[in-house]
>>> print(open('input-v5.txt').read())   # compact mmCIF, C-alpha atoms and all ligand atoms
# COMPACT_ATOMS: atom_id res chain seq x y z
CA ALA A 1 -25.66 7.46 3.21
CA THR A 2 -22.27 6.12 4.12
CA GLN A 3 -20.81 4.11 6.93
CA PRO A 4 -20.11 5.99 10.17
CA TYR A 5 -16.59 7.32 10.54
CA ASP A 6 -14.23 4.95 12.38
CA ASP A 7 -11.08 6.65 13.63
CA SER A 8 -9.09 3.40 13.70
CA ASN A 9 -8.41 3.76 9.95
CA ILE A 10 -4.85 4.19 8.67
CA PHE A 11 -5.20 7.83 7.68
CA ALA A 12 -6.61 8.76 11.09
CA LYS A 13 -3.51 7.14 12.60
CA ILE A 14 -1.31 9.18 10.25
CA LEU A 15 -3.17 12.36 11.29
CA ARG A 16 -2.62 11.51 14.96
CA GLY A 17 1.07 10.87 14.32
CA GLU A 18 0.76 7.19 15.23
CA LEU A 19 1.95 6.11 11.77
CA PRO A 20 4.54 7.88 9.60
CA CYS A 21 3.91 9.37 6.18
CA ASN A 22 5.99 11.06 3.51
CA LYS A 23 4.45 14.50 3.88
CA VAL A 24 4.04 16.86 0.94
CA TYR A 25 1.90 19.61 2.46
CA GLU A 26 -0.01 20.36 5.64
CA ASP A 27 -2.19 23.17 6.88
CA GLU A 28 -5.06 23.66 9.32
CA HIS A 29 -7.57 21.70 7.27
CA ALA A 30 -5.60 19.26 5.10
CA LEU A 31 -2.66 16.89 4.94
CA ALA A 32 -1.01 15.64 1.74
CA PHE A 33 1.45 12.76 1.51
CA HIS A 34 2.88 10.36 -1.03
CA ASP A 35 0.91 7.17 -1.67
CA ILE A 36 2.79 4.18 -0.27
CA ASN A 37 2.08 2.20 -3.47
CA PRO A 38 2.33 4.78 -6.28
CA MET A 39 0.46 4.09 -9.51
CA ALA A 40 2.09 7.00 -11.39
CA PRO A 41 5.42 8.89 -11.06
CA VAL A 42 3.53 11.42 -8.94
CA HIS A 43 0.85 9.90 -6.72
CA ILE A 44 -0.14 12.04 -3.77
CA LEU A 45 -3.09 11.67 -1.42
CA VAL A 46 -4.79 14.73 0.04
CA ILE A 47 -7.04 14.26 3.06
CA PRO A 48 -9.14 16.61 5.16
CA LYS A 49 -8.14 16.69 8.82
CA GLY A 50 -11.71 16.12 9.96
CA GLY A 51 -13.27 12.69 10.23
CA TYR A 52 -15.22 12.15 7.01
CA VAL A 53 -15.63 8.89 5.11
CA SER A 54 -16.94 10.18 1.80
CA TRP A 55 -17.43 13.22 -0.38
CA ASP A 56 -21.16 13.17 0.32
CA ASP A 57 -20.50 13.08 4.07
CA PHE A 58 -17.83 15.81 3.85
CA SER A 59 -19.94 18.11 1.71
CA GLU A 60 -22.86 17.77 4.12
CA ARG A 61 -21.14 18.01 7.52
CA ALA A 62 -17.92 19.96 7.01
CA SER A 63 -17.80 23.71 7.58
CA ASP A 64 -17.29 26.09 4.68
CA ALA A 65 -13.78 26.74 6.03
CA GLU A 66 -12.95 23.02 5.97
CA ILE A 67 -14.30 22.60 2.46
CA ALA A 68 -12.45 25.67 1.21
CA GLY A 69 -9.26 24.66 3.00
CA PHE A 70 -9.30 21.15 1.59
CA THR A 71 -10.11 22.32 -1.93
CA ARG A 72 -7.35 24.92 -1.84
CA ALA A 73 -4.88 22.34 -0.49
CA VAL A 74 -5.50 20.07 -3.49
CA GLY A 75 -4.75 22.97 -5.83
CA LYS A 76 -1.68 24.00 -3.85
CA VAL A 77 -0.21 20.50 -4.04
CA ALA A 78 -0.78 20.45 -7.80
CA ARG A 79 0.90 23.84 -8.26
CA ASP A 80 3.84 23.06 -5.97
CA GLY A 81 4.38 19.72 -7.72
CA ALA A 82 4.70 21.52 -11.07
CA MET A 83 1.94 19.32 -12.45
CA VAL A 84 -0.05 22.22 -13.83
CA THR A 85 1.65 22.37 -17.23
CA GLN A 86 1.89 18.59 -17.64
CA GLY A 87 -1.65 17.81 -16.59
CA TYR A 88 -2.76 15.79 -13.64
CA ARG A 89 -5.73 13.71 -12.52
CA LEU A 90 -7.87 13.86 -9.39
CA LEU A 91 -9.66 10.73 -8.22
CA ALA A 92 -11.71 9.86 -5.17
CA ASN A 93 -12.97 6.30 -4.68
CA ILE A 94 -16.07 6.48 -2.52
CA GLY A 95 -17.47 3.31 -1.02
CA LYS A 96 -16.32 -0.29 -1.17
CA ARG A 97 -17.92 -0.89 -4.55
CA ALA A 98 -15.84 1.97 -5.97
CA GLY A 99 -12.64 0.54 -4.50
CA GLN A 100 -12.31 2.69 -1.38
CA GLU A 101 -9.92 0.87 0.93
CA VAL A 102 -9.36 3.47 3.62
CA GLY A 103 -12.40 4.87 5.43
CA HIS A 104 -11.16 8.46 5.56
CA LEU A 105 -11.94 10.68 2.57
CA HIS A 106 -8.95 11.12 0.28
CA VAL A 107 -8.31 12.59 -3.15
CA HIS A 108 -5.62 10.95 -5.25
CA ILE A 109 -3.49 13.26 -7.42
CA PHE A 110 -1.78 11.46 -10.30
CA GLY A 111 0.80 13.10 -12.54
CA GLY A 112 4.31 13.00 -13.91
CA GLN A 113 3.45 11.07 -17.05
CA PRO A 114 0.88 11.16 -19.86
CA LEU A 115 -2.16 9.69 -18.15
CA GLY A 116 -4.14 8.27 -21.06
CA PRO A 117 -7.63 6.93 -20.42
CA MET A 118 -9.16 6.72 -16.96
CA LEU A 119 -7.30 4.61 -14.46
CA ALA A 120 -9.32 1.54 -13.53
P1 LIG A 201 -8.38 3.91 -2.03
O1 LIG A 201 -8.30 2.55 -2.65
O2 LIG A 201 -9.06 3.86 -0.69
O3 LIG A 201 -8.94 4.95 -2.94
O4 LIG A 201 -6.90 4.38 -1.83
C1 LIG A 201 -6.15 4.07 -0.70
C2 LIG A 201 -4.72 4.40 -1.05
O5 LIG A 201 -4.00 4.50 0.16
C3 LIG A 201 -4.03 3.34 -1.89
O6 LIG A 201 -3.55 3.96 -3.09
C4 LIG A 201 -2.90 2.83 -1.00
O7 LIG A 201 -1.72 2.56 -1.72
C5 LIG A 201 -2.72 3.97 -0.02
N1 LIG A 201 -2.27 3.57 1.29
C6 LIG A 201 -2.75 2.54 2.05
N2 LIG A 201 -2.12 2.49 3.23
C7 LIG A 201 -1.22 3.50 3.23
C8 LIG A 201 -0.27 3.95 4.19
O8 LIG A 201 -0.12 3.42 5.29
N3 LIG A 201 0.48 5.04 3.84
C9 LIG A 201 0.34 5.66 2.63
N4 LIG A 201 1.13 6.72 2.40
N5 LIG A 201 -0.55 5.25 1.71
C10 LIG A 201 -1.32 4.19 2.01
>>> encode(input="input-v5.txt", output="structure tokens", more="lines below")
Ligand code: 5GP
Amino acid sequence: ATQPYDDSNIFAKILRGELPCNKVYEDEHALAFHDINPMAPVHILVIPKGGYVSWDDFSERASDAEIAGFTRAVGKVARDGAMVTQGYRLLANIGKRAGQEVGHLHVHIFGGQPLGPMLA
């Protein structure tokens, strides 16, 4: 179980247009934008538009269309960013003990350099 969704988080504000972002991709179910503090030459965040804190919450409550849309958006961002040949890494920190800072589910996409062992 995870904490209840709180729509005062930063990514909810970005989704509502209350805060700016450097947008990479958007469709009905997902928004992708550059991380404000990149940890690799390419560091993009992909978020579902619905209010979900975690992967476990999303996978339980989201519709099949939302899950498919979000999953396809992650792949689309990777293809459009020409990361497919170079390799890229997906990461989702879930829960405070895993380092999740923003309480809206997000997948990090890292690329643009050899990635080596797992990022801490
Ligand atoms: P987490 O630690 O929750 O997995 O990742 C949160 C990420 O969001 C961090 O990499 C952080 O740099 C990024 N971030 C935090 N606030 C903002 C913001 O206002 N705009 C953008 N674009 N990224 C943010």
>>> residues_around(input="input-v5.txt", residues="region 80-97 of chain A", least_positions_apart="2", cutoff="7 Å", atoms="all atoms listed in the file", output="number ranges by chain")
A: 54, 76-78, 99-101, 106-112
>>> residues_around(input="input-v5.txt", residues="region 45-51 of chain A", least_positions_apart="4", cutoff="7 Å", atoms="all atoms listed in the file", output="PyMOL selection string")
chain A and resi 5+29-35+70+74+104-109
>>> atom_distance(input="input-v5.txt", atom1="CA of Ile44 (chain A)", atom2="atom C2 of ligand LIG 201 (chain A)")
9.3 Å
>>> atom_distance(input="input-v5.txt", atom1="CA of Thr71 (chain A)", atom2="CA of Tyr52 (chain A)")
14.5 Å
>>> axis_aligned_box(input="input-v5.txt", around="ligand LIG 201 (chain A)", padding_each_side="3 Å", output="JSON")
{"center_x": -4.0, "center_y": 4.6, "center_z": 1.1, "size_x": 16.2, "size_y": 10.2, "size_z": 14.4}
>>> closest_residue(input="input-v5.txt", among="A:Lys13, A:Pro38, A:Arg72, A:Ser8", to="Glu26 (chain A)", atoms="only C-alpha atoms")
A:Arg72
>>> atom_distance(input="input-v5.txt", atom1="atom C8 of ligand LIG 201 (chain A)", atom2="CA of Asp64 (chain A)")
27.9 Å
>>> closest_residue(input="input-v5.txt", among="A:Met39, A:Val24, A:Ala65, A:Val102", to="ligand LIG 201 (chain A)", atoms="only C-alpha atoms and all ligand atoms")
A:Val102
>>> closest_residue(input="input-v5.txt", among="A:Val42, A:Ala68, A:Ala73, A:Ala98", to="ligand LIG 201 (chain A)", atoms="only C-alpha atoms and all ligand atoms")
A:Ala98
>>> closest_residue(input="input-v5.txt", among="A:Ala40, A:Gly69, A:Glu28, A:Asp7", to="ligand LIG 201 (chain A)", atoms="only C-alpha atoms and all ligand atoms")
A:Ala40
>>> closest_residue(input="input-v5.txt", among="A:Gly103, A:Tyr25, A:Asp56, A:Ala62", to="ligand LIG 201 (chain A)", atoms="all atoms listed in the file")
A:Gly103
>>> closest_residue(input="input-v5.txt", among="A:Asn9, A:Asn37, A:Gln3, A:Gln113", to="ligand LIG 201 (chain A)", atoms="all atoms listed in the file")
A:Asn37
>>> decode(input="input-v5.txt", residues="region 11-106 of chain A", atoms="C-alpha atoms", output="mmCIF file, in the first residue's frame")
data_model
loop_
_atom_site.group_PDB
_atom_site.id
_atom_site.type_symbol
_atom_site.label_atom_id
_atom_site.label_comp_id
_atom_site.auth_asym_id
_atom_site.auth_seq_id
_atom_site.Cartn_x
_atom_site.Cartn_y
_atom_site.Cartn_z
ATOM 1 C CA PHE A 11 4.192 17.132 -11.318
ATOM 2 C CA ALA A 12 0.467 17.654 -10.732
ATOM 3 C CA LYS A 13 1.148 21.390 -10.975
ATOM 4 C CA ILE A 14 3.027 20.834 -14.234
ATOM 5 C CA LEU A 15 0.087 18.788 -15.566
ATOM 6 C CA ARG A 16 -2.318 21.590 -14.634
ATOM 7 C CA GLY A 17 -0.080 24.150 -16.330
ATOM 8 C CA GLU A 18 0.656 25.932 -13.046
ATOM 9 C CA LEU A 19 4.397 25.284 -13.386
ATOM 10 C CA PRO A 20 6.401 25.215 -16.633
ATOM 11 C CA CYS A 21 8.300 22.236 -18.004
ATOM 12 C CA ASN A 22 10.546 21.556 -20.957
ATOM 13 C CA LYS A 23 8.156 19.261 -22.790
ATOM 14 C CA VAL A 24 9.370 16.360 -24.914
ATOM 15 C CA TYR A 25 6.109 14.551 -25.667
ATOM 16 C CA GLU A 26 2.454 14.654 -24.692
ATOM 17 C CA ASP A 27 -0.621 12.645 -25.518
ATOM 18 C CA GLU A 28 -3.934 11.748 -23.896
ATOM 19 C CA HIS A 29 -2.398 9.580 -21.198
ATOM 20 C CA ALA A 30 1.181 10.764 -20.694
ATOM 21 C CA LEU A 31 3.489 13.754 -20.484
ATOM 22 C CA ALA A 32 7.277 13.653 -20.920
ATOM 23 C CA PHE A 33 9.661 16.466 -20.039
ATOM 24 C CA HIS A 34 13.331 17.039 -19.312
ATOM 25 C CA ASP A 35 14.456 16.547 -15.721
ATOM 26 C CA ILE A 36 15.349 19.905 -14.168
ATOM 27 C CA ASN A 37 18.523 18.397 -12.656
ATOM 28 C CA PRO A 38 19.794 15.956 -15.316
ATOM 29 C CA MET A 39 21.984 13.070 -14.187
ATOM 30 C CA ALA A 40 22.888 12.010 -17.756
ATOM 31 C CA PRO A 41 23.103 13.836 -21.130
ATOM 32 C CA VAL A 42 19.557 12.638 -21.761
ATOM 33 C CA HIS A 43 17.355 12.565 -18.661
ATOM 34 C CA ILE A 44 13.651 12.642 -19.365
ATOM 35 C CA LEU A 45 10.749 11.985 -17.019
ATOM 36 C CA VAL A 46 7.574 10.338 -18.287
ATOM 37 C CA ILE A 47 4.441 10.604 -16.157
ATOM 38 C CA PRO A 48 0.898 9.313 -16.525
ATOM 39 C CA LYS A 49 -1.715 12.058 -16.595
ATOM 40 C CA GLY A 50 -3.796 10.355 -13.922
ATOM 41 C CA GLY A 51 -3.137 10.770 -10.221
ATOM 42 C CA TYR A 52 -1.044 7.771 -9.164
ATOM 43 C CA VAL A 53 1.744 7.730 -6.602
ATOM 44 C CA SER A 54 3.373 4.404 -7.405
ATOM 45 C CA TRP A 55 3.637 1.591 -9.908
ATOM 46 C CA ASP A 56 1.632 -0.682 -7.623
ATOM 47 C CA ASP A 57 -1.119 1.937 -7.352
ATOM 48 C CA PHE A 58 -1.082 2.633 -11.107
ATOM 49 C CA SER A 59 -1.159 -1.028 -12.091
ATOM 50 C CA GLU A 60 -4.111 -1.637 -9.775
ATOM 51 C CA ARG A 61 -6.301 1.420 -10.426
ATOM 52 C CA ALA A 62 -5.477 2.661 -13.922
ATOM 53 C CA SER A 63 -7.514 1.555 -16.920
ATOM 54 C CA ASP A 64 -5.989 -0.669 -19.574
ATOM 55 C CA ALA A 65 -5.999 2.361 -21.897
ATOM 56 C CA GLU A 66 -4.016 4.426 -19.391
ATOM 57 C CA ILE A 67 -1.506 1.647 -18.820
ATOM 58 C CA ALA A 68 -1.094 1.041 -22.540
ATOM 59 C CA GLY A 69 -0.869 4.752 -23.274
ATOM 60 C CA PHE A 70 1.773 5.359 -20.638
ATOM 61 C CA THR A 71 3.815 2.326 -21.664
ATOM 62 C CA ARG A 72 3.694 3.317 -25.326
ATOM 63 C CA ALA A 73 4.678 6.899 -24.452
ATOM 64 C CA VAL A 74 7.858 5.684 -22.726
ATOM 65 C CA GLY A 75 8.799 3.739 -25.854
ATOM 66 C CA LYS A 76 7.939 6.644 -28.136
ATOM 67 C CA VAL A 77 10.183 9.016 -26.179
ATOM 68 C CA ALA A 78 13.044 6.514 -26.398
ATOM 69 C CA ARG A 79 12.601 6.099 -30.162
ATOM 70 C CA ASP A 80 12.228 9.816 -30.858
ATOM 71 C CA GLY A 81 15.300 10.580 -28.750
ATOM 72 C CA ALA A 82 17.376 8.196 -30.898
ATOM 73 C CA MET A 83 18.363 6.321 -27.759
ATOM 74 C CA VAL A 84 17.456 2.939 -29.163
ATOM 75 C CA THR A 85 20.818 2.197 -30.785
ATOM 76 C CA GLN A 86 22.882 3.667 -27.939
ATOM 77 C CA GLY A 87 20.986 2.018 -25.132
ATOM 78 C CA TYR A 88 19.025 3.687 -22.408
ATOM 79 C CA ARG A 89 17.859 3.015 -18.862
ATOM 80 C CA LEU A 90 14.419 3.175 -17.277
ATOM 81 C CA LEU A 91 14.119 3.805 -13.550
ATOM 82 C CA ALA A 92 11.215 4.394 -11.207
ATOM 83 C CA ASN A 93 11.867 5.197 -7.548
ATOM 84 C CA ILE A 94 8.821 4.102 -5.582
ATOM 85 C CA GLY A 95 8.430 5.214 -1.999
ATOM 86 C CA LYS A 96 10.550 7.425 0.220
ATOM 87 C CA ARG A 97 12.936 4.608 1.101
ATOM 88 C CA ALA A 98 13.667 4.156 -2.611
ATOM 89 C CA GLY A 99 14.344 7.871 -3.064
ATOM 90 C CA GLN A 100 10.998 8.992 -4.505
ATOM 91 C CA GLU A 101 10.847 12.751 -4.048
ATOM 92 C CA VAL A 102 7.750 13.613 -6.049
ATOM 93 C CA GLY A 103 4.490 11.865 -5.162
ATOM 94 C CA HIS A 104 3.313 11.379 -8.736
ATOM 95 C CA LEU A 105 4.479 8.239 -10.547
ATOM 96 C CA HIS A 106 7.321 8.935 -12.963
#
